[in-house]
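Enquirer: CSV, C-alpha atoms, file data.csv:
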chain,number,residue,atom,x,y,z
A,591,MET,CA,30.3,19.8,-12.3
A,592,THR,CA,28.5,21.9,-9.7
A,593,ARG,CA,25.6,22.4,-12.2
A,594,TYR,CA,25.2,18.6,-12.4
A,595,PHE,CA,25.0,18.3,-8.6
A,596,ARG,CA,22.4,20.9,-8.4
A,597,LEU,CA,20.4,19.3,-11.2
A,598,TYR,CA,20.6,15.9,-9.6
A,599,GLY,CA,19.4,17.5,-6.3
A,600,SER,CA,16.3,18.8,-8.2
A,601,PHE,CA,15.7,15.3,-9.5
A,602,LEU,CA,15.8,13.9,-6.0
A,603,ARG,CA,13.3,16.5,-4.6
A,604,PHE,CA,10.9,15.9,-7.5
A,605,SER,CA,11.1,12.1,-7.2
A,606,PHE,CA,10.4,12.0,-3.5
A,607,SER,CA,7.6,14.5,-3.8
A,608,ARG,CA,6.0,12.5,-6.5
A,609,ALA,CA,6.4,9.2,-4.6
A,610,MET,CA,4.5,10.6,-1.7
A,611,GLU,CA,1.5,11.4,-3.9
A,612,PHE,CA,1.0,7.7,-4.6
A,613,ARG,CA,1.6,6.2,-1.2
A,614,LEU,CA,-0.2,2.9,-1.9
A,615,ASP,CA,2.1,2.2,-4.9
A,616,PHE,CA,5.1,3.4,-2.8
A,617,PHE,CA,4.5,0.8,0.0
A,618,PHE,CA,3.4,-1.9,-2.4
A,619,ARG,CA,6.7,-1.7,-4.3
A,620,ILE,CA,8.6,-1.8,-1.0
A,621,GLY,CA,6.7,-5.0,-0.1
A,622,MET,CA,7.5,-6.6,-3.5
A,623,ASP,CA,11.2,-5.9,-3.0
A,624,ILE,CA,11.2,-7.4,0.4
A,625,VAL,CA,9.5,-10.5,-0.9
A,626,TRP,CA,12.0,-10.8,-3.7
A,627,ASN,CA,14.8,-10.7,-1.1
A,628,LEU,CA,13.2,-13.4,1.0
A,629,VAL,CA,12.5,-15.7,-1.9
A,630,ASN,CA,16.2,-15.6,-3.0
A,631,LEU,CA,17.4,-16.2,0.6
A,632,GLY,CA,14.9,-19.1,0.9
A,633,PHE,CA,16.1,-20.6,-2.4
A,634,PHE,CA,19.7,-20.9,-1.2
A,635,TRP,CA,18.6,-22.0,2.3
A,636,ILE,CA,16.8,-24.9,0.7
A,637,LEU,CA,19.8,-25.8,-1.5
A,638,TYR,CA,22.2,-25.8,1.5
A,639,ARG,CA,20.0,-28.2,3.4
A,640,HIS,CA,21.3,-30.8,0.8
A,641,THR,CA,24.9,-29.7,0.3
A,642,PRO,CA,27.5,-28.0,2.5
A,643,VAL,CA,29.2,-26.2,-0.4
A,644,LEU,CA,27.9,-24.7,-3.6
A,645,GLY,CA,30.1,-23.2,-6.2
A,646,GLY,CA,33.0,-23.3,-3.8
A,647,TRP,CA,31.2,-21.3,-1.1
A,648,THR,CA,29.7,-22.2,2.2
A,649,PHE,CA,26.3,-21.1,3.3
A,650,ASP,CA,27.7,-18.2,5.3
A,651,GLN,CA,29.7,-17.0,2.3
A,652,MET,CA,26.6,-17.4,0.1
A,653,LEU,CA,24.7,-15.2,2.5
A,654,VAL,CA,27.3,-12.4,2.1
A,655,PHE,CA,27.2,-12.9,-1.7
A,656,MET,CA,23.4,-12.5,-1.6
A,657,GLY,CA,23.7,-9.4,0.6
A,658,GLY,CA,25.9,-8.0,-2.1
A,659,VAL,CA,23.4,-9.0,-4.8
A,660,PHE,CA,20.6,-7.2,-2.9
A,661,VAL,CA,22.6,-4.0,-2.5
A,662,ALA,CA,23.8,-3.9,-6.1
A,663,ASP,CA,20.2,-4.6,-7.4
A,664,ALA,CA,18.7,-2.0,-5.0
A,665,ILE,CA,21.2,0.7,-6.2
A,666,HIS,CA,20.3,-0.1,-9.8
A,667,MET,CA,16.6,-0.1,-9.1
A,668,THR,CA,16.9,3.1,-7.2
A,669,VAL,CA,19.1,5.1,-9.5
A,670,PHE,CA,18.7,3.7,-13.0
A,671,SER,CA,15.9,1.3,-13.5
A,672,ASN,CA,12.9,3.7,-13.9
A,673,ASN,CA,15.0,5.7,-16.4
A,674,MET,CA,15.9,2.6,-18.4
A,675,TRP,CA,12.1,1.8,-18.6
A,676,TRP,CA,11.4,5.3,-20.2
A,677,PHE,CA,14.4,5.4,-22.4
A,678,PRO,CA,12.9,3.4,-25.4
A,679,ILE,CA,9.6,5.2,-25.0
A,680,PHE,CA,11.3,8.6,-25.4
A,681,ILE,CA,13.0,7.3,-28.6
A,682,ASN,CA,9.8,5.9,-30.1
A,683,LYS,CA,7.6,9.0,-29.3
A,684,GLY,CA,10.2,11.5,-30.4
A,685,ASP,CA,10.5,12.9,-26.8
A,686,LEU,CA,14.2,12.4,-27.0
A,687,ASP,CA,14.4,15.8,-28.8
A,688,TYR,CA,13.8,17.7,-25.5
A,689,HIS,CA,16.9,16.1,-24.0
A,690,LEU,CA,19.2,16.3,-27.0
A,691,THR,CA,18.7,20.1,-27.1
A,692,ARG,CA,19.3,20.8,-23.4
A,693,PRO,CA,22.7,22.4,-22.3
A,694,VAL,CA,23.6,19.3,-20.3
A,695,SER,CA,24.6,15.7,-21.2
A,696,PRO,CA,21.5,13.9,-22.5
A,697,LEU,CA,22.8,10.6,-21.1
A,698,PHE,CA,23.0,12.2,-17.7
A,699,VAL,CA,19.4,13.3,-17.7
A,700,LEU,CA,18.1,10.2,-19.4
A,701,SER,CA,19.9,7.9,-16.9
A,702,LEU,CA,19.3,9.8,-13.7
A,703,ARG,CA,16.3,12.0,-13.9
A,704,ASP,CA,13.9,9.6,-12.1
A,705,PHE,CA,15.1,8.5,-8.6
A,706,ALA,CA,12.9,5.6,-7.3
A,707,ALA,CA,12.1,6.6,-3.7
A,708,ASN,CA,10.5,3.3,-2.9
A,709,SER,CA,13.6,1.4,-4.0
A,710,PHE,CA,15.7,3.7,-1.9
A,711,VAL,CA,13.9,2.2,1.1
A,712,ASN,CA,14.7,-1.3,-0.3
A,713,LEU,CA,18.4,-0.1,-0.5
A,714,LEU,CA,18.3,0.6,3.2
A,715,VAL,CA,16.8,-2.9,3.8
A,716,ALA,CA,19.4,-4.5,1.5
A,717,SER,CA,22.2,-2.6,3.3
A,718,GLY,CA,20.9,-4.0,6.6
A,719,ILE,CA,20.9,-7.5,5.2
A,720,LEU,CA,24.4,-7.2,4.0
A,721,THR,CA,25.6,-5.7,7.3
A,722,TRP,CA,23.9,-8.7,9.1
A,723,THR,CA,25.5,-11.3,6.8
A,724,LEU,CA,29.0,-9.7,7.4
A,725,ALA,CA,28.5,-9.4,11.1
A,726,ARG,CA,27.4,-13.0,11.5
A,727,TYR,CA,30.2,-14.4,9.4
A,728,PRO,CA,32.0,-17.0,11.6
A,729,GLU,CA,35.5,-15.8,10.8
A,730,PRO,CA,36.9,-12.3,11.2
A,731,LEU,CA,36.8,-10.1,8.1
A,732,ALA,CA,39.4,-7.3,7.9
A,733,ALA,CA,38.0,-3.8,7.4
A,734,GLY,CA,40.2,-3.3,4.4
A,735,SER,CA,38.8,-6.4,2.8
A,736,ILE,CA,35.2,-5.2,3.4
A,737,ALA,CA,36.1,-1.8,1.9
A,738,VAL,CA,37.5,-3.5,-1.2
A,739,PHE,CA,34.4,-5.6,-1.5
A,740,LEU,CA,32.1,-2.6,-1.3
A,741,ALA,CA,34.3,-0.6,-3.8
A,742,LEU,CA,34.2,-3.5,-6.3
A,743,LEU,CA,30.4,-3.8,-5.7
A,744,LEU,CA,30.0,-0.2,-6.9
A,745,ILE,CA,32.1,-1.0,-10.0
A,746,GLY,CA,29.7,-3.9,-10.5
A,747,VAL,CA,26.7,-1.5,-10.3
A,748,ALA,CA,28.4,0.7,-13.0
A,749,LEU,CA,28.8,-2.4,-15.2
A,750,HIS,CA,25.2,-3.3,-14.6
A,751,TYR,CA,24.1,0.1,-15.8
A,752,ALA,CA,26.3,0.0,-18.9
A,753,MET,CA,25.0,-3.5,-19.9
A,754,HIS,CA,21.4,-2.4,-19.4
A,755,MET,CA,22.0,0.6,-21.8
A,756,ILE,CA,23.8,-1.7,-24.3
A,757,PHE,CA,20.6,-3.8,-24.5
A,758,LEU,CA,18.3,-0.8,-24.9
A,759,ILE,CA,20.2,1.5,-27.3
A,760,PRO,CA,19.4,-0.8,-30.3
A,761,THR,CA,15.8,0.7,-30.0
A,762,PHE,CA,17.2,3.5,-32.2
A,763,TRP,CA,17.2,1.0,-35.1
A,764,MET,CA,14.6,-1.6,-34.0
A,765,HIS,CA,11.9,0.7,-32.7
A,766,SER,CA,11.0,-1.8,-30.1
A,767,SER,CA,12.9,-2.8,-27.0
A,768,ASN,CA,10.6,-5.6,-25.8
A,769,GLY,CA,12.7,-8.5,-27.2
A,770,LEU,CA,16.0,-7.2,-26.0
A,771,ARG,CA,14.5,-6.1,-22.6
A,772,GLU,CA,13.3,-9.7,-22.0
A,773,ILE,CA,16.7,-11.1,-23.0
A,774,PHE,CA,18.4,-8.6,-20.6
A,775,PHE,CA,16.1,-9.5,-17.7
A,776,SER,CA,16.8,-13.2,-18.4
A,777,MET,CA,20.5,-12.7,-18.5
A,778,GLU,CA,20.4,-10.5,-15.4
A,779,GLN,CA,19.4,-13.6,-13.4
A,780,TYR,CA,22.9,-14.9,-13.8
A,781,ALA,CA,24.1,-12.1,-11.6
A,782,THR,CA,22.2,-13.6,-8.7
A,783,ARG,CA,24.0,-16.9,-8.9
A,784,PRO,CA,27.5,-17.6,-7.8
A,785,TYR,CA,30.1,-17.6,-10.6
A,786,GLY,CA,31.6,-20.9,-9.2
A,787,ILE,CA,28.6,-23.0,-10.3
A,788,PHE,CA,29.3,-22.3,-14.0
A,789,ARG,CA,31.8,-24.2,-16.1
A,790,GLY,CA,33.4,-24.1,-19.6
A,791,TRP,CA,32.1,-21.7,-22.2
A,792,MET,CA,29.3,-20.4,-20.0
A,793,ALA,CA,31.7,-19.3,-17.3
A,794,ARG,CA,33.9,-17.5,-19.9
A,795,LEU,CA,30.8,-15.9,-21.4
A,796,LEU,CA,29.6,-14.5,-18.1
A,797,VAL,CA,32.9,-12.8,-17.3
A,798,SER,CA,33.5,-11.3,-20.8
A,799,ILE,CA,30.9,-10.8,-23.5
A,800,LEU,CA,27.9,-10.9,-21.1
A,801,PRO,CA,29.8,-10.1,-17.8
A,802,PHE,CA,26.9,-10.4,-15.4
A,803,ALA,CA,28.9,-12.7,-13.1
A,804,LEU,CA,31.3,-9.8,-12.4
A,805,ILE,CA,28.5,-7.7,-10.7
A,806,ALA,CA,28.5,-9.4,-7.3
A,807,SER,CA,30.5,-12.7,-7.7
A,808,PHE,CA,33.9,-11.1,-8.3
A,809,PRO,CA,33.6,-8.6,-5.3
A,810,THR,CA,32.6,-11.6,-3.1
A,811,ARG,CA,35.6,-13.6,-4.4
A,812,ALA,CA,37.9,-10.7,-3.6
A,813,LEU,CA,36.5,-10.6,0.0
A,814,PHE,CA,37.0,-14.3,0.7
A,815,GLU,CA,39.9,-15.2,-1.5
A,816,GLY,CA,41.8,-11.9,-1.5
A,817,LEU,CA,42.1,-9.2,-4.2
A,818,THR,CA,44.5,-10.2,-6.9
A,819,ALA,CA,45.9,-7.9,-9.6
A,820,SER,CA,44.3,-10.1,-12.3
A,821,LEU,CA,40.9,-9.9,-10.8
A,822,LEU,CA,41.0,-6.1,-10.4
A,823,ILE,CA,42.4,-5.6,-13.9
A,824,HIS,CA,39.8,-7.9,-15.4
A,825,MET,CA,36.9,-6.2,-13.6
A,826,LEU,CA,38.0,-2.7,-14.4
A,827,GLY,CA,38.9,-3.6,-18.0
A,828,VAL,CA,35.5,-5.2,-18.7
A,829,THR,CA,33.7,-2.3,-17.1
A,830,ALA,CA,35.6,0.2,-19.1
A,831,ALA,CA,35.1,-1.7,-22.3
A,832,ALA,CA,31.3,-1.9,-21.6
A,833,PHE,CA,31.2,1.9,-21.2
A,834,VAL,CA,33.2,2.4,-24.4
A,835,VAL,CA,30.8,0.2,-26.3
A,836,MET,CA,27.8,1.9,-24.8
A,837,ARG,CA,29.1,5.4,-25.8
A,838,LEU,CA,29.9,4.3,-29.3
A,839,MET,CA,26.4,2.8,-29.6
A,840,TRP,CA,24.8,5.9,-28.2
A,841,ARG,CA,26.6,8.2,-30.6
A,842,ALA,CA,25.6,5.9,-33.6
A,843,GLY,CA,22.0,5.8,-32.3
A,844,VAL,CA,21.7,9.5,-32.0
A,845,ARG,CA,23.0,9.9,-35.6
A,846,ALA,CA,20.3,7.5,-36.7
A,847,TYR,CA,17.5,8.9,-34.6
A,848,ALA,CA,14.5,10.2,-36.4
A,849,SER,CA,13.2,13.0,-34.3
A,850,ALA,CA,9.6,14.1,-33.9
A,851,SER,CA,10.3,17.0,-36.2
A,852,SER,CA,11.9,15.0,-39.0
Show the structure stored in the file as structure tokens.

Expert:
Amino acid sequence: MTRYFRLYGSFLRFSFSRAMEFRLDFFFRIGMDIVWNLVNLGFFWILYRHTPVLGGWTFDQMLVFMGGVFVADAIHMTVFSNNMWWFPIFINKGDLDYHLTRPVSPLFVLSLRDFAANSFVNLLVASGILTWTLARYPEPLAAGSIAVFLALLLIGVALHYAMHMIFLIPTFWMHSSNGLREIFFSMEQYATRPYGIFRGWMARLLVSILPFALIASFPTRALFEGLTASLLIHMLGVTAAAFVVMRLMWRAGVRAYASASS
């Protein structure tokens, strides 16, 4: 375990050093992330000018939800997103060979080697927005409830990572991730909308087979409605199932992989 911490420390040093070599790109991406946050806040501000409640949540509750969305997205963008972009390229070019032969978990390296320094700044911004939305909430929020909310949000981040990998691993057989990547990015948008606005089969789909509604909506529900055993078991169960599916797909993909030397 200590070896992995040291390795990740090396990843961090290299990533920050490289980010500072391209400062225009660094600050441009920060600006893009801030604009994305403002657009999403503006979207719900406009909606709430026409209705007091949306999906069972007031405007103040929706702001907290969006703060959670921003933090979850920023963590994913900072820690995983760049690595997810390179993953299919490594498969298609045969560069995966270098990672499969190293004396560490290839999934660890492939998932965490590139730390997005510019998105880390956005994570600080997103954390500030979330802190502001919690501080301005008109009713008192217990420290324990906020701690549960943040813990569930981290589980949502883990689920987000597993789902992203599930959509990319089929590259082993398809040799192109473009179609699945576009589908994932489209489905990912459901994570930025409150679960309460969906009904019927769509609501069931978004908490089971394509559980994007669990990423931020369920932590927010636990904050405002209280954590129930069913909510916790459901979120942990779906996240664990996603990781099991991801691991099975990964192993099958590696067996089918045609390396550069084959």

Enquirer: Out of A:Gly645, A:Gly658, A:Gly599, A:Gly827, which residue has the shortest atom-to-atom distance to Leu702 in chain A when counting all atoms listed in the file?

Expert: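 Smallest distance to Leu702 in chain A is found for A:Gly599.
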
Enquirer: Considering all atoms listed in the file, can you say which of A:Phe802, A:Phe710, A:Phe814, A:Tyr594 comes closest to Glu729 in chain A?

Expert: A:Phe814

Enquirer: Which residues are near Arg783 in chain A? Cut-off 12 Å, only C-alpha atoms, ignore same chain within fewer than 3 positions. Put them as a PyMOL selection string.

Expert: chain A and resi 630-631+633-634+644-645+647+652-653+655-656+658-660+777-780+786-788+793+796+802-808+810

Enquirer: Check the smallest atom-to-atom distance from each of A:Phe774, A:Tyr638, A:Phe705, A:Phe757 to Ser600 in chain A using only C-alpha atoms, then report the winner.

Expert: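 Of A:Phe774, A:Tyr638, A:Phe705, A:Phe757, the one nearest Ser600 in chain A is A:Phe705, counting only C-alpha atoms.
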
Enquirer: Determine, counting only C-alpha atoms, which protein, DNA and RNA residues have an atom within 8 Å of an atom of range 839-842 of chain A; residues of the same chain fewer than 5 positions away are not included. Present the result as a PyMOL selection string.

Expert: chain A and resi 756+759-760

Enquirer: To one decimal place, how far is CA of Phe616 in chain A from CA of Phe601 in chain A in Å?

Expert: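 CA of Phe616 in chain A sits 17.3 Å away from CA of Phe601 in chain A.
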
Enquirer: In Å, rounded to a single decimal, give me how far CA of Thr721 in chain A is from CA of Tyr598 in chain A.

Expert: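 So the two atoms, CA of Tyr598 in chain A and CA of Thr721 in chain A, lie 27.9 Å apart.
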
Enquirer: Which neighbours of Leu813 in chain A fall inside 7 Å, counting all atoms listed in the file, when residues of the same chain fewer than 4 positions from it are skipped, and could you give them as number ranges by chain?

Expert: A: 735-736, 739, 809

Enquirer: (17.5, 17.5, -26.8) in this file's frame - what residues fall within 12 Å of it? Use only C-alpha atoms and give the answer as a ChimeraX atom specification.

Expert: /A:680-681,684-700,844,847,849-851

Enquirer: Of the candidates A:Thr641, A:Thr761, A:Thr829, A:Thr782, which one gets nearest to Phe677 in chain A if we count all atoms listed in the file?

Expert: A:Thr761

Enquirer: Taking (18.7, -3.0, -14.6) in the file's own coordinates, collect the residues within 7 Å, counting only C-alpha atoms, and hand them back as a PyMOL selection string.

Expert: chain A and resi 666-667+670-671+750-751+754

Enquirer: Of the candidates A:Met792, A:Ala812, A:Leu770, A:Ile745, which one gets nearest to Met825 in chain A if we count only C-alpha atoms?

Expert: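 The closest residue to Met825 in chain A is A:Ile745.
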
Enquirer: What's the separation between CA of Leu817 in chain A and CA of Leu731 in chain A, in Å to one decimal place?

Expert: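 Going from CA of Leu817 in chain A over to CA of Leu731 in chain A covers 13.4 Å.
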
Enquirer: Return the single residue from A:Phe604, A:Ile636, A:Trp675, A:Ser709 that is closest to Ile620 in chain A, with distances computed using only C-alpha atoms.

Expert: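 Once distances to Ile620 in chain A are computed over only C-alpha atoms, the minimum belongs to A:Ser709.
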